[in-house]
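In what follows, a structure is listed as structure tokens, so that the remarks can point back to it.
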Amino acid sequence: MSEETFDIIVVGAGVIGTATAYYLQKNNPDKRILLLDRQSAPGQANTAMSAAAVRNMFASSTNQLLTDTSIKHMEHIQNEEGFELMFEKVGYLWLLSEEQLNSDSVQLWMKRMKASGVHYRVYNKQELNELMPGLNTDFSGDEDAELMNLREVSYGLFGADCAVLDPTRLVDYYFEEFKKISHVKPRFNVNVTRLLLEADPKLDLPGEPFVWQYKRVNGVVTDKGTLRAETTVLATGAWANELLDPIGMDSRLKAKKRQIFVIHAEGNQRLLDLLETKGFNEMNCVPFVILPSAGAGGAVYFRPQLQEKGFWIGCGDKLGRAYHYVQTDEFNTGETTYYENSLYPVLSKYFPAFEGARPVSSWGGGYSYSPDAIPHVYLENGVLVVNGASGSGIMKSDAMARIADALYRGEPEAELFGGKKIPSDALSLKHRQVEPENVVI
Ligand SMILES: Cc1cc2nc3c(=O)[nH]c(=O)nc-3n(C[C@H](O)[C@H](O)[C@H](O)COP(=O)(O)OP(=O)(O)OC[C@H]3O[C@@H](n4cnc5c(N)ncnc54)[C@H](O)[C@@H]3O)c2cc1C
């Protein structure tokens with residue numbers, strides 16, 4: 001099989017891989033960078049499966065910085081550069097019980113947002129009832145609600161700077177910008193079967209690398225041949241372990257299945273009224289709504305989908321939803337019984353407008369979770385890992401990509417959009433300087 005050599009190979013052309021390839025090429029104009037993916041086009045895997053929403057409302061100042069700067073960059077792309085991302089500031093609304101709002105974790109979350117200048121406001125029950133007449137805030141005497149461990153809504157925590165967008169457009173933006181400046185045509189339908197771990201220096205002895213030799217990754221072996229590079233960027237999302245495990249690098253990442261169910265409002269006046277909820281945003285639509293978590297801690301959420309005149313429903317289920325080592329094909333299908341038995345009963349209790357509503361379609365994908373729910377960006381053994389976005393990779397993609405590029409260039413700090421800075425190794429495994437996150441949906 002053939003063998004080719006590049007300066008950098010970026011494996012994975014999701015939003016994180018395309019953004020990383022772009023910043024690497026922009027700031028290292030002479031380098032020959034190959035972007036490749038086993039799909040037939042960029043942005044076809046989990047980037048296309050997401051709920052396509054972005055928020056700066058995190059409890060960790062690390063995530064606040066990564067998301068706030070990335071979201072502002074998206075606004076810049078759309079408003080200043082004129083590249084349509086379908087970016088719409090619908091806002092995020094967490095519905096909370098009295099107990100939740102007063103809990104230590106929510107109080108700390110609000111305190112940290114205030115300290116970082118992340119805007120939010122708290123609505124009380126009366127204000128919520130006026131704004132959202134379809135919201136049920138009274139479960140008194142409701143035995144089903146009690147059985148389901150549902151909490152009554154007393155407050156709403158709202159972030160007006162949160163938005164929805166079309167992530168495939170964001171991928172298109174980075175991909176087009178990358179192609180304008182790159183020296184190497186991106187390649188698709190190329191499957192990386194293993195990382196090329198070799199002795200450093202090579203002695204060309206049979207059976208090397210031996211334990212006493214230094215080793216590094218010198219590229220990738222693919223189904224189309226061997227591709228060599230000084231640096232291999234791994235932006236393979238929920239499949240990180242497929243390539244890192246065989247060479248003994250512990251990614252510390254695990255995949256978890258997440259699903260979206262699509263409900264159309266057309267022909268259903270109560271759902272149309274809910275969709276057209278006024279008072280939260282300029283679109284005069286319902287915001288991204290997160291219901292109080294119940295039972296084993298899974299928060300059901302829904303977001304408006306204005307182009308489809310409908311809603312996307314999801315849930316960040318926790319205990320009971322298995323972790324996997326890598327994402328499998330089974331991840332890609334929405335489970336109808338999961339919607340029927342787990343999501344629908346909760347959704348229709350809080351918003352009776354959903355009564356009788358059934359999904360017209362559904363899909364699934366994988367989150368790539370890190371232990372502290374903060375991304376990983378590190379360069380070790382010739383591999384630059386950009387991963388672990390923990391379910392919020394679209395909203396962190398610009399910052400993660402800029403950090404990866406700064407690390408590659410050996411810069412002590414990465415400059416994020418708007419001029420804010422972060423140490424380049426802050427997201428590394430060895431010199432990690434992050435605040436763990438606990439607001440994970
Ligand atoms: C249901 C759901 C809802 C979500 N909602 C949101 C949300 O609202 N907001 C948000 O910010 N994030 C959300 N996410 C998370 C978000 O989708 C991810 O964090 C983000 O897409 C990660 O980007 P990525 O580029 O790492 O991954 P991907 O888009 O999965 O890209 C990885 C790429 O690597 C390629 N690849 C993997 N292995 C190989 C190999 N061996 N050889 C060649 N190519 C390979 C894949 O084909 C793929 O294209 C959601 C995810 C899911 C599943």
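All residue names refer to the structure tokens as shown: chains lettered A, B, ... in order, residues numbered from 1 in each chain, ligands numbered from 1 in order.
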
(message) Which residues are near ligand 1 in this structure, taking near to mean any atom at most 7 Å from a ligand atom and counting only C-alpha atoms and all ligand atoms? Format them as number ranges by chain.
(response) A: 11-17, 36-39, 42-54, 190-193, 235-240, 242-243, 257-260, 364-368, 387, 389-396

(request) Pick out the residues sitting within 12 Å of Lys430 of chain A, and hand them over as a count of residues only; count only C-alpha atoms, and ignore anything fewer than 2 positions along from it in its own chain. (result) 12

(message) So that I can check the secondary structure, give me every residue of segment 26-243 of chain A assigned alpha helix (DSSP H) by backbone DSSP, as a VMD selection string.
(response) chain A and resid 26 to 27 46 to 49 61 to 79 98 to 101 104 to 116 125 to 131 143 to 147 167 to 181 240 to 243

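If only C-alpha atoms are the atoms counted, then among A:Glu88, A:Gly388, A:Gln78, A:Val289 the closest residue to Leu306 of chain A is A:Glu88.
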